[in-house]
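> Okay, so here is protein08.pdb, and as you'll see once you scroll down, it has PDB, C-alpha atoms.
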ATOM      1  CA  MET G 310      -4.190   6.014  -6.789
ATOM      2  CA  HIS G 311      -0.950   7.044  -8.458
ATOM      3  CA  GLU G 312      -2.849   9.946 -10.054
ATOM      4  CA  MET G 313      -1.739  12.325  -7.283
ATOM      5  CA  ALA G 314       1.913  11.549  -8.042
ATOM      6  CA  LEU G 315       1.247  12.209 -11.728
ATOM      7  CA  ALA G 316      -0.672  15.409 -10.911
ATOM      8  CA  GLN G 317       2.339  16.579  -8.918
ATOM      9  CA  GLY G 318       4.561  15.881 -11.928
ATOM     10  CA  ILE G 319       2.238  17.870 -14.189
ATOM     11  CA  LEU G 320       2.174  20.810 -11.784
ATOM     12  CA  GLU G 321       5.972  20.906 -11.605
ATOM     13  CA  ILE G 322       6.241  20.995 -15.415
ATOM     14  CA  VAL G 323       3.508  23.650 -15.677
ATOM     15  CA  LEU G 324       5.014  25.921 -13.012
ATOM     16  CA  LYS G 325       8.520  25.608 -14.455
ATOM     17  CA  THR G 326       7.234  26.505 -17.922
ATOM     18  CA  ALA G 327       5.217  29.420 -16.530
ATOM     19  CA  VAL G 328       8.329  30.849 -14.842
ATOM     20  CA  GLU G 329      10.371  30.410 -18.030
ATOM     21  CA  GLN G 330       7.685  32.224 -20.041
ATOM     22  CA  ARG G 331       7.119  34.857 -17.329
ATOM     23  CA  ALA G 332       3.433  34.017 -17.448
ATOM     24  CA  SER G 333       1.158  35.489 -14.796
ATOM     25  CA  LYS G 334      -1.579  32.959 -15.372
ATOM     26  CA  VAL G 335      -1.953  29.524 -16.924
ATOM     27  CA  THR G 336      -5.407  29.304 -18.490
ATOM     28  CA  SER G 337      -5.353  25.846 -19.996
ATOM     29  CA  ILE G 338      -3.267  22.684 -20.020
ATOM     30  CA  LYS G 339      -3.376  19.986 -22.650
ATOM     31  CA  LEU G 340      -2.292  16.480 -21.651
ATOM     32  CA  LEU G 341      -1.609  13.466 -23.829
ATOM     33  CA  ILE G 342      -2.402  10.156 -22.193
ATOM     34  CA  GLY G 343      -1.953   6.863 -23.976
ATOM     35  CA  GLN G 344      -4.702   4.305 -24.176
ATOM     36  CA  MET G 345      -2.339   1.824 -22.510
ATOM     37  CA  ILE G 346      -1.590   4.060 -19.535
ATOM     38  CA  GLN G 347      -3.610   3.073 -16.508
ATOM     39  CA  VAL G 348      -4.845   6.445 -15.382
ATOM     40  CA  GLU G 349      -8.291   7.644 -14.371
ATOM     41  CA  PRO G 350      -8.639  11.017 -16.190
ATOM     42  CA  GLU G 351     -11.196  12.474 -13.756
ATOM     43  CA  CYS G 352      -9.074  11.498 -10.789
ATOM     44  CA  LEU G 353      -6.008  13.075 -12.406
ATOM     45  CA  THR G 354      -7.831  16.326 -13.195
ATOM     46  CA  PHE G 355      -9.290  16.494  -9.694
ATOM     47  CA  GLY G 356      -5.871  15.893  -8.119
ATOM     48  CA  PHE G 357      -4.284  18.535 -10.305
ATOM     49  CA  GLU G 358      -6.934  21.143  -9.482
ATOM     50  CA  ALA G 359      -6.380  20.551  -5.775
ATOM     51  CA  LEU G 360      -2.590  20.833  -6.054
ATOM     52  CA  ALA G 361      -2.730  23.914  -8.306
ATOM     53  CA  MET G 362      -4.643  26.010  -5.772
ATOM     54  CA  GLY G 363      -2.733  29.155  -4.876
ATOM     55  CA  THR G 364      -0.413  28.853  -7.885
ATOM     56  CA  VAL G 365      -0.504  30.563 -11.313
ATOM     57  CA  ALA G 366      -2.167  27.393 -12.601
ATOM     58  CA  GLU G 367      -5.170  27.656 -10.268
ATOM     59  CA  GLY G 368      -8.365  27.342 -12.266
ATOM     60  CA  ALA G 369      -6.602  26.271 -15.466
ATOM     61  CA  GLN G 370      -8.733  24.185 -17.766
ATOM     62  CA  VAL G 371      -7.241  20.687 -18.098
ATOM     63  CA  THR G 372      -7.963  18.868 -21.350
ATOM     64  CA  ILE G 373      -6.910  15.274 -21.875
ATOM     65  CA  GLU G 374      -6.401  13.659 -25.266
ATOM     66  CA  ILE G 375      -6.322   9.880 -25.174
ATOM     67  CA  THR G 376      -3.913   8.612 -27.833
ATOM     68  CA  PRO G 377      -4.798   5.331 -29.555
ATOM     69  CA  LEU G 378      -2.693   2.191 -29.128
ATOM     70  CA  ILE G 379      -0.788   1.752 -32.379
ATOM     71  CA  GLY G 380       1.952  -0.763 -33.080
ATOM     72  CA  GLN G 381       4.455  -1.027 -35.889
ATOM     73  CA  CYS G 382       5.855  -4.321 -37.117
ATOM     74  CA  ASN G 383       9.651  -4.535 -37.122
ATOM     75  CA  SER G 384       9.561  -7.228 -39.802
ATOM     76  CA  CYS G 385       7.183  -5.909 -42.482
ATOM     77  CA  GLY G 386       6.682  -2.298 -41.375
ATOM     78  CA  GLU G 387       2.885  -2.556 -41.097
ATOM     79  CA  GLN G 388       1.294  -0.012 -38.732
ATOM     80  CA  PHE G 389      -1.863  -1.230 -37.023
ATOM     81  CA  THR G 390      -4.290  -0.441 -34.229
ATOM     82  CA  VAL G 391      -3.606  -2.885 -31.415
ATOM     83  CA  GLU G 392      -6.855  -4.654 -30.520
ATOM     84  CA  LYS G 393      -7.292  -6.514 -27.238
ATOM     85  CA  TYR G 394      -3.626  -5.859 -26.440
ATOM     86  CA  CYS G 395      -2.531  -8.374 -29.045
ATOM     87  CA  PHE G 396       1.012  -7.377 -30.021
ATOM     88  CA  ILE G 397       1.286  -9.674 -33.024
ATOM     89  CA  CYS G 398       1.432  -8.295 -36.581
ATOM     90  CA  PRO G 399      -1.906  -8.907 -38.318
ATOM     91  CA  LEU G 400      -0.105  -9.057 -41.678
ATOM     92  CA  CYS G 401       2.945 -11.259 -41.144
ATOM     93  CA  ASN G 402       2.416 -12.658 -37.596
ATOM     94  CA  SER G 403       5.711 -11.223 -36.383
ATOM     95  CA  THR G 404       5.941 -10.748 -32.622
ATOM     96  CA  SER G 405       8.493  -7.952 -32.909
ATOM     97  CA  ILE G 406       6.261  -4.922 -32.504
ATOM     98  CA  VAL G 407       7.151  -1.383 -31.440
ATOM     99  CA  VAL G 408       4.529   0.743 -29.739
ATOM    100  CA  VAL G 409       4.400   3.994 -31.729
ATOM    101  CA  SER G 410       1.449   5.493 -29.859
ATOM    102  CA  GLY G 411      -0.618   4.680 -26.787
ATOM    103  CA  ARG G 412       1.994   4.899 -24.011
ATOM    104  CA  GLU G 413       2.172   8.695 -23.782
ATOM    105  CA  LEU G 414       2.022  10.456 -20.460
ATOM    106  CA  ALA G 415       2.925  14.016 -21.321
ATOM    107  CA  VAL G 416       2.112  17.692 -21.007
ATOM    108  CA  ASP G 417       1.500  18.691 -24.634
ATOM    109  CA  TYR G 418       1.026  22.466 -24.418
ATOM    110  CA  LEU G 419      -0.116  25.291 -22.153
ATOM    111  CA  GLU G 420      -2.134  28.442 -22.809
ATOM    112  CA  VAL G 421      -0.777  31.305 -20.702
ATOM    113  CA  GLU G 422      -1.367  34.995 -20.189
TER     114      GLU G 422
ATOM    115  CA  MET B 144      -0.463  32.542 -25.938
ATOM    116  CA  GLN B 145       0.094  28.853 -26.561
ATOM    117  CA  ILE B 146       3.358  27.268 -25.430
ATOM    118  CA  LYS B 147       4.406  23.858 -26.695
ATOM    119  CA  VAL B 148       5.840  21.824 -23.823
ATOM    120  CA  MET B 149       5.738  18.145 -24.812
ATOM    121  CA  THR B 150       7.386  16.897 -21.640
ATOM    122  CA  ASN B 151       6.899  13.447 -20.151
ATOM    123  CA  ILE B 152       5.108  13.762 -16.811
ATOM    124  CA  LEU B 153       7.397  11.124 -15.316
ATOM    125  CA  ASP B 154      10.597  12.720 -16.628
ATOM    126  CA  ARG B 155      11.979  13.478 -13.183
ATOM    127  CA  ASN B 156      11.261   9.977 -11.894
ATOM    128  CA  ASP B 157      12.728   8.396 -15.022
ATOM    129  CA  GLN B 158      15.840  10.529 -14.695
ATOM    130  CA  ILE B 159      16.470   9.334 -11.129
ATOM    131  CA  ALA B 160      15.695   5.760 -12.227
ATOM    132  CA  GLY B 161      18.309   6.147 -14.957
ATOM    133  CA  GLU B 162      20.884   7.352 -12.435
ATOM    134  CA  ILE B 163      20.144   4.391 -10.131
ATOM    135  CA  HIS B 164      20.502   2.003 -13.033
ATOM    136  CA  GLU B 165      23.820   3.511 -14.035
ATOM    137  CA  ARG B 166      25.158   3.427 -10.504
ATOM    138  CA  LEU B 167      24.132  -0.192  -9.928
ATOM    139  CA  SER B 168      25.421  -1.268 -13.331
ATOM    140  CA  ALA B 169      28.786   0.284 -12.514
ATOM    141  CA  ALA B 170      28.753  -1.823  -9.336
ATOM    142  CA  ASN B 171      27.909  -4.893 -11.448
ATOM    143  CA  ILE B 172      24.566  -5.458  -9.729
ATOM    144  CA  PHE B 173      21.500  -6.891 -11.453
ATOM    145  CA  VAL B 174      18.199  -5.413 -10.293
ATOM    146  CA  VAL B 175      14.747  -7.003 -10.381
ATOM    147  CA  ASN B 176      11.520  -5.064  -9.874
ATOM    148  CA  LEU B 177       9.148  -7.737  -8.522
ATOM    149  CA  LEU B 178       5.485  -6.975  -9.174
ATOM    150  CA  GLY B 179       2.127  -8.576  -8.480
ATOM    151  CA  SER B 180      -1.095  -8.187  -6.559
ATOM    152  CA  PRO B 181      -1.321  -8.542  -2.755
ATOM    153  CA  GLY B 182      -1.093 -12.200  -1.804
ATOM    154  CA  CYS B 183       0.156 -13.489  -5.173
ATOM    155  CA  GLY B 184       3.308 -14.840  -3.523
ATOM    156  CA  LYS B 185       5.980 -12.189  -4.091
ATOM    157  CA  THR B 186       7.542 -12.648  -0.644
ATOM    158  CA  SER B 187       7.165 -16.435  -0.775
ATOM    159  CA  LEU B 188       8.955 -16.559  -4.117
ATOM    160  CA  LEU B 189      11.673 -14.331  -2.707
ATOM    161  CA  GLU B 190      12.141 -16.591   0.308
ATOM    162  CA  LYS B 191      12.465 -19.636  -1.941
ATOM    163  CA  THR B 192      14.836 -17.777  -4.262
ATOM    164  CA  ILE B 193      17.083 -16.673  -1.398
ATOM    165  CA  ALA B 194      17.197 -20.194   0.051
ATOM    166  CA  SER B 195      18.184 -21.586  -3.310
ATOM    167  CA  LEU B 196      20.636 -18.935  -4.550
ATOM    168  CA  LYS B 197      22.194 -17.267  -1.528
ATOM    169  CA  ASP B 198      25.306 -19.469  -1.625
ATOM    170  CA  GLU B 199      25.915 -18.643  -5.287
ATOM    171  CA  LEU B 200      24.863 -14.987  -5.453
ATOM    172  CA  SER B 201      25.270 -12.172  -3.024
ATOM    173  CA  MET B 202      21.731 -10.822  -2.708
ATOM    174  CA  ALA B 203      19.879  -7.986  -1.023
ATOM    175  CA  VAL B 204      16.191  -7.151  -0.916
ATOM    176  CA  ILE B 205      14.349  -3.843  -0.812
ATOM    177  CA  GLU B 206      10.838  -4.308   0.517
ATOM    178  CA  GLY B 207       8.061  -1.927  -0.448
ATOM    179  CA  ASP B 208       5.070  -1.965   1.855
ATOM    180  CA  LEU B 209       2.370   0.544   2.713
ATOM    181  CA  PHE B 210       2.720   0.453   6.506
ATOM    182  CA  THR B 211       4.323  -2.692   7.921
ATOM    183  CA  ALA B 212       7.711  -4.414   8.093
ATOM    184  CA  LYS B 213       6.172  -7.888   8.032
ATOM    185  CA  ASP B 214       7.723  -8.918   4.706
ATOM    186  CA  ALA B 215      11.123  -7.475   5.610
ATOM    187  CA  GLN B 216      11.049  -9.511   8.827
ATOM    188  CA  ARG B 217      10.398 -12.661   6.788
ATOM    189  CA  ILE B 218      13.350 -11.883   4.501
ATOM    190  CA  GLU B 219      15.641 -10.977   7.428
ATOM    191  CA  GLN B 220      15.358 -14.502   8.793
ATOM    192  CA  HIS B 221      17.207 -15.727   5.707
ATOM    193  CA  GLY B 222      20.295 -13.791   6.720
ATOM    194  CA  ILE B 223      20.603 -11.409   3.776
ATOM    195  CA  PRO B 224      20.512  -7.577   3.851
ATOM    196  CA  VAL B 225      17.002  -6.152   3.621
ATOM    197  CA  VAL B 226      15.815  -2.530   3.568
ATOM    198  CA  GLN B 227      12.234  -1.577   4.297
ATOM    199  CA  ILE B 228      10.495   1.253   2.455
ATOM    200  CA  ASN B 229       7.143   2.271   3.911
ATOM    201  CA  THR B 230       5.097   4.280   1.444
ATOM    202  CA  SER B 231       2.567   5.376   4.123
ATOM    203  CA  GLY B 232      -0.362   4.406   1.965
ATOM    204  CA  GLY B 233       1.340   5.176  -1.361
ATOM    205  CA  CYS B 234       0.380   2.617  -3.999
ATOM    206  CA  HIS B 235       3.781   2.214  -5.674
ATOM    207  CA  LEU B 236       7.512   2.688  -5.193
ATOM    208  CA  ASP B 237       9.147   5.515  -7.083
ATOM    209  CA  ALA B 238      12.771   6.041  -8.049
ATOM    210  CA  ASN B 239      13.414   8.536  -5.281
ATOM    211  CA  MET B 240      12.339   6.090  -2.556
ATOM    212  CA  VAL B 241      14.608   3.393  -3.974
ATOM    213  CA  ASN B 242      17.472   5.859  -4.252
ATOM    214  CA  SER B 243      17.215   6.617  -0.524
ATOM    215  CA  ALA B 244      16.926   2.929   0.365
ATOM    216  CA  LEU B 245      20.186   2.172  -1.456
ATOM    217  CA  GLU B 246      22.083   4.203   1.147
ATOM    218  CA  ALA B 247      21.558   1.342   3.587
ATOM    219  CA  LEU B 248      23.189  -1.270   1.333
ATOM    220  CA  ASP B 249      26.851  -2.082   0.825
ATOM    221  CA  LEU B 250      26.888  -2.126  -2.971
ATOM    222  CA  GLU B 251      30.470  -3.351  -3.182
ATOM    223  CA  LYS B 252      29.438  -6.820  -2.129
ATOM    224  CA  LEU B 253      26.281  -7.451  -4.148
ATOM    225  CA  ASP B 254      25.385  -9.343  -7.336
ATOM    226  CA  LEU B 255      21.615  -9.015  -7.157
ATOM    227  CA  ILE B 256      19.040  -6.680  -5.646
ATOM    228  CA  VAL B 257      15.385  -7.667  -5.745
ATOM    229  CA  ILE B 258      12.964  -4.836  -5.094
ATOM    230  CA  GLU B 259       9.588  -6.154  -3.983
ATOM    231  CA  ASN B 260       7.111  -3.508  -5.072
ATOM    232  CA  VAL B 261       3.840  -2.652  -3.321
ATOM    233  CA  GLY B 262       1.195  -5.308  -4.023
ATOM    234  CA  ASN B 263      -0.772  -3.746  -6.879
ATOM    235  CA  LEU B 264      -1.254  -4.542 -10.577
ATOM    236  CA  VAL B 265      -1.881  -0.954 -11.676
ATOM    237  CA  CYS B 266       0.299   1.855 -10.355
ATOM    238  CA  PRO B 267       3.779   0.262 -10.027
ATOM    239  CA  GLY B 268       3.695  -0.490 -13.753
ATOM    240  CA  GLU B 269       4.152   3.183 -14.633
ATOM    241  CA  PHE B 270       7.170   3.977 -12.425
ATOM    242  CA  LYS B 271      10.689   2.937 -13.325
ATOM    243  CA  ILE B 272      12.871   2.406 -10.259
ATOM    244  CA  GLY B 273      16.251   1.626 -11.809
ATOM    245  CA  GLU B 274      15.620  -2.034 -12.552
ATOM    246  CA  ASP B 275      17.153  -4.223 -15.257
ATOM    247  CA  VAL B 276      13.987  -6.291 -15.524
ATOM    248  CA  LYS B 277      10.458  -6.350 -14.242
ATOM    249  CA  VAL B 278       9.067  -9.708 -13.146
ATOM    250  CA  THR B 279       5.308  -9.992 -12.688
ATOM    251  CA  ILE B 280       3.662 -12.741 -10.633
ATOM    252  CA  LEU B 281       0.103 -13.918 -11.226
ATOM    253  CA  SER B 282      -1.312 -16.620  -8.974
ATOM    254  CA  THR B 283      -3.937 -19.151 -10.015
ATOM    255  CA  THR B 284      -6.362 -17.996  -7.313
ATOM    256  CA  GLU B 285      -6.588 -14.526  -8.908
ATOM    257  CA  GLY B 286      -8.142 -15.745 -12.161
ATOM    258  CA  GLU B 287      -6.812 -15.914 -15.704
ATOM    259  CA  ASP B 288      -8.590 -12.710 -16.739
ATOM    260  CA  LYS B 289      -5.995 -10.479 -15.065
ATOM    261  CA  PRO B 290      -3.483 -10.072 -17.928
ATOM    262  CA  LEU B 291      -6.093  -8.469 -20.191
ATOM    263  CA  LYS B 292      -7.449  -6.380 -17.310
ATOM    264  CA  TYR B 293      -4.006  -5.077 -16.319
ATOM    265  CA  PRO B 294      -2.044  -5.340 -19.573
ATOM    266  CA  THR B 295       0.638  -2.750 -18.792
ATOM    267  CA  ILE B 296       2.235  -4.678 -15.966
ATOM    268  CA  PHE B 297       2.322  -7.850 -18.060
ATOM    269  CA  LYS B 298       3.529  -6.024 -21.179
ATOM    270  CA  GLN B 299       6.622  -4.741 -19.392
ATOM    271  CA  ALA B 300       7.648  -7.962 -17.667
ATOM    272  CA  SER B 301      10.671  -9.887 -18.888
ATOM    273  CA  ALA B 302       9.320 -12.906 -17.030
ATOM    274  CA  VAL B 303       5.796 -13.731 -15.872
ATOM    275  CA  ILE B 304       5.574 -16.195 -13.001
ATOM    276  CA  LEU B 305       2.370 -18.210 -12.668
ATOM    277  CA  ASN B 306       2.322 -19.118  -8.987
ATOM    278  CA  LYS B 307       0.231 -21.536  -6.903
ATOM    279  CA  VAL B 308      -0.053 -24.164  -9.639
ATOM    280  CA  ASP B 309      -0.568 -26.705  -6.829
ATOM    281  CA  LEU B 310      -4.000 -25.124  -6.305
ATOM    282  CA  LEU B 311      -5.083 -25.572  -9.936
ATOM    283  CA  PRO B 312      -7.382 -28.537  -9.158
ATOM    284  CA  TYR B 313      -9.327 -26.347  -6.684
ATOM    285  CA  THR B 314      -9.745 -23.301  -8.935
ATOM    286  CA  ASN B 315     -11.347 -22.619 -12.300
ATOM    287  CA  PHE B 316      -8.136 -20.952 -13.504
ATOM    288  CA  ASP B 317      -7.795 -21.568 -17.243
ATOM    289  CA  MET B 318      -4.041 -22.026 -17.716
ATOM    290  CA  PRO B 319      -4.018 -22.205 -21.553
ATOM    291  CA  ALA B 320      -6.082 -18.990 -21.695
ATOM    292  CA  ALA B 321      -3.736 -17.249 -19.251
ATOM    293  CA  ILE B 322      -0.679 -18.258 -21.271
ATOM    294  CA  HIS B 323      -2.397 -17.259 -24.524
ATOM    295  CA  ASP B 324      -3.251 -13.779 -23.210
ATOM    296  CA  ILE B 325       0.181 -13.156 -21.667
ATOM    297  CA  THR B 326       1.892 -14.253 -24.887
ATOM    298  CA  SER B 327      -0.363 -12.067 -26.992
ATOM    299  CA  ILE B 328       0.314  -8.989 -24.794
ATOM    300  CA  ASN B 329       4.009  -9.736 -24.461
ATOM    301  CA  PRO B 330       5.331 -12.302 -26.964
ATOM    302  CA  GLN B 331       8.889 -11.961 -25.601
ATOM    303  CA  ALA B 332       8.017 -12.785 -21.970
ATOM    304  CA  VAL B 333       9.379 -15.930 -20.410
ATOM    305  CA  ILE B 334       6.509 -17.707 -18.634
ATOM    306  CA  ILE B 335       7.312 -19.970 -15.695
ATOM    307  CA  GLU B 336       4.747 -22.021 -13.773
ATOM    308  CA  ILE B 337       5.678 -22.520 -10.136
ATOM    309  CA  SER B 338       4.441 -23.504  -6.696
ATOM    310  CA  CYS B 339       6.122 -22.142  -3.585
ATOM    311  CA  GLN B 340       4.448 -24.960  -1.625
ATOM    312  CA  THR B 341       5.604 -27.972  -3.672
ATOM    313  CA  ASN B 342       8.688 -26.205  -5.142
ATOM    314  CA  ALA B 343       7.522 -27.096  -8.660
ATOM    315  CA  GLY B 344       9.157 -24.904 -11.290
ATOM    316  CA  LEU B 345      11.424 -23.116  -8.813
ATOM    317  CA  GLU B 346      14.567 -24.543 -10.340
ATOM    318  CA  LEU B 347      13.554 -23.180 -13.738
ATOM    319  CA  TRP B 348      12.960 -19.740 -12.211
ATOM    320  CA  CYS B 349      16.232 -19.702 -10.283
ATOM    321  CA  ASP B 350      18.153 -20.829 -13.372
ATOM    322  CA  TRP B 351      16.557 -18.052 -15.432
ATOM    323  CA  LEU B 352      17.383 -15.450 -12.789
ATOM    324  CA  LYS B 353      20.950 -16.684 -12.354
ATOM    325  CA  LYS B 354      21.455 -16.542 -16.111
ATOM    326  CA  GLN B 355      20.230 -12.924 -16.229
ATOM    327  CA  VAL B 356      22.718 -11.936 -13.499
ATOM    328  CA  GLN B 357      25.563 -13.767 -15.249
ATOM    329  CA  MET B 358      24.710 -12.218 -18.619
ATOM    330  CA  LYS B 359      24.803  -8.714 -17.156
ATOM    331  CA  GLN B 360      28.079  -9.364 -15.359
ATOM    332  CA  ALA B 361      29.596 -10.883 -18.508
ATOM    333  CA  ARG B 362      28.601  -7.815 -20.532
ATOM    334  CA  SER B 363      30.368  -5.469 -18.159
ATOM    335  CA  ILE B 364      33.691  -7.320 -18.172
TER     336      ILE B 364
END
Is it possible to express this structure as structure tokens?

Amino acid sequence: MHEMALAQGILEIVLKTAVEQRASKVTSIKLLIGQMIQVEPECLTFGFEALAMGTVAEGAQVTIEITPLIGQCNSCGEQFTVEKYCFICPLCNSTSIVVVSGRELAVDYLEVE
Amino acid sequence: MQIKVMTNILDRNDQIAGEIHERLSAANIFVVNLLGSPGCGKTSLLEKTIASLKDELSMAVIEGDLFTAKDAQRIEQHGIPVVQINTSGGCHLDANMVNSALEALDLEKLDLIVIENVGNLVCPGEFKIGEDVKVTILSTTEGEDKPLKYPTIFKQASAVILNKVDLLPYTNFDMPAAIHDITSINPQAVIIEISCQTNAGLELWCDWLKKQVQMKQARSI
């Protein structure tokens, strides 16, 4: 249940941005969550809604985009969808793979009034 | 009006973790974040490690636990500094908790700090706490399916310890499958099979750990 800690992090980012933009209301929040992040989206949204009560973000619509797990081979440059968490290049068998997508845990954008 | 933010949700935690890492590196201390499910043998491995290395390395332990000080009491008996963090039900340690715990340690004198995280294969994997390496323990009684079920915590580990190998004859744990899955998730991980009961593999583990400490200290000279 680390979702509450993450929800708190989201709220802090949202409130800081709202102050910077002099927004009176945050209407929607878009999150990017990687496929290889162990988070329960419903639990995160629920936690956020509870924490946002009484703030400018109360009632904001939270949308979550799950980003696919994509690796890139350091040896041959091949980009591939990582299946079954196998971090081995399907083209050249190299084990030197960088994760280019799938580990995101970010606030992408806000809609404010 | 749409406002692009693109900020990592864990930015604040990661920032504190970075500061801890810098501070401990300046003090020439190597830090291990020890992970694994409840009962996998984190404290047992620590006890064995302390017994074997305490004459060569100056060690301290930070113990993460939901409510009790039971593990810290076990470590205390070995005569090294130990700090207890109680998370009051929290499922993981975060950088801020570790930062506060460091106040209780005399950093001048240490080579190695092992932080035993809360027993959990999910949440602690997402929170950096200032460590040099993560070490994940999986015990044979948990089943070999765990790496694929909880890939993040295995992906991030520099070493994966397979504990309780003495119980292999009494379990249906498929060792080749476990090693195959761990290697496929994390090809760079060092995998060490151990038993805290028979002491099998412990020398290999202690040698690996000692080498990591020495390598860090050599880099900073």
> With 10 Å as the limit and counting all atoms listed in the file, what residues in chain B lie close to chain G? Please list them as a PyMOL selection string.
chain B and resi 144-156+232-235+237+264-270+290-296+298+323-331
> What gap, in Å, lies between atom CA of Ile335 of chain B and atom CA of Gly411 of chain G?
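Value for the atom CA of Ile335 of chain B-atom CA of Gly411 of chain G distance: 28.2 Å.
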> Please provide as a ChimeraX atom specification all residues within 6 Å of Asn263 of chain B, with the sequence filter that same-chain residues fewer than 2 positions apart are discarded (counting all atoms listed in the file).
/B:179-180,261,265
> When you look at Gly161 of chain B with a cut-off of 9 Å (counting only C-alpha atoms), what residues show up, excluding the ones that are within fewer than 2 positions of it in the same chain? I need them as a PDB file with C-alpha atoms, keeping the file's coordinate frame.

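Result saved to part_24.pdb:
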ATOM      1  CA  ASN B 156      11.261   9.977 -11.894  1.00  0.00           C
ATOM      2  CA  ASP B 157      12.728   8.396 -15.022  1.00  0.00           C
ATOM      3  CA  GLN B 158      15.840  10.529 -14.695  1.00  0.00           C
ATOM      4  CA  ILE B 159      16.470   9.334 -11.129  1.00  0.00           C
ATOM      5  CA  ILE B 163      20.144   4.391 -10.131  1.00  0.00           C
ATOM      6  CA  HIS B 164      20.502   2.003 -13.033  1.00  0.00           C
ATOM      7  CA  GLU B 165      23.820   3.511 -14.035  1.00  0.00           C
ATOM      8  CA  ARG B 166      25.158   3.427 -10.504  1.00  0.00           C
ATOM      9  CA  ALA B 238      12.771   6.041  -8.049  1.00  0.00           C
ATOM     10  CA  LYS B 271      10.689   2.937 -13.325  1.00  0.00           C
ATOM     11  CA  ILE B 272      12.871   2.406 -10.259  1.00  0.00           C
ATOM     12  CA  GLY B 273      16.251   1.626 -11.809  1.00  0.00           C
ATOM     13  CA  GLU B 274      15.620  -2.034 -12.552  1.00  0.00           C
TER      14      GLU B 274
END
> Would you kindly translate the PyMOL selection byres ((chain B and resi 275-279) around 7) into the concrete residues it picks from this file, as a PyMOL selection string?
chain B and resi 173-179+273-274+280-281+296-297+299-304
> Measure the distance from atom CA of Ile322 of chain B to atom CA of Val407 of chain G in Å and round it to one decimal.
21.2 Å
> Of the candidates B:Leu200, B:Ala247, B:Ile205, B:Ile337, which one gets nearest to Lys353 of chain B if we count all atoms listed in the file?
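Closest residue, counting all atoms listed in the file: B:Leu200.
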> So which one's closest to Gly286 of chain B, B:Ala321, B:Asn239, B:Leu310, B:Glu259? Using only C-alpha atoms, please.
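Smallest separation from Gly286 of chain B among the options: B:Ala321.
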> Please provide the set of residues having any atom within 9 Å of Ala170 of chain B, restricted to all atoms listed in the file, with same-chain residues fewer than 4 positions apart removed, written as number ranges by chain.
B: 165-166, 250-254
> Let me have the centre and edge lengths of the axis-aligned box enclosing all listed atoms of segment 334-337 of chain B with 8 Å padding on every side, in Å to one decimal, as JSON.

{"center_x": 6.0, "center_y": -20.1, "center_z": -14.4, "size_x": 18.6, "size_y": 20.8, "size_z": 24.5}
> Between atom CA of Ser282 of chain B and atom CA of Ile223 of chain B, what is the distance in Å, rounded to a tenth?
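Separating atom CA of Ser282 of chain B from atom CA of Ile223 of chain B is a distance of 25.9 Å.
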> Output the residue selection produced by the PyMOL selection byres ((chain G and resi 400) around 12) on the file above, formatted as a ChimeraX atom specification.
/G:381-389,396-399,401-404,406
> Which one of B:Pro319, B:Arg217, B:Gly182, B:Glu336 sits closest to Trp348 of chain B if you count all atoms listed in the file?
B:Glu336
> Using only C-alpha atoms, can you tell me which of B:Leu209, B:Ala361, B:Ile193, B:Leu311 comes closest to Ser338 of chain B?
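Ranking B:Leu209, B:Ala361, B:Ile193, B:Leu311 by distance to Ser338 of chain B, first place goes to B:Leu311.
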> Have a look at B:Glu287, B:Asp317, B:Asp249, B:Glu199 and name the one nearest to Asp350 of chain B; count all atoms listed in the file.
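For Asp350 of chain B, the nearest of the given residues is B:Glu199.
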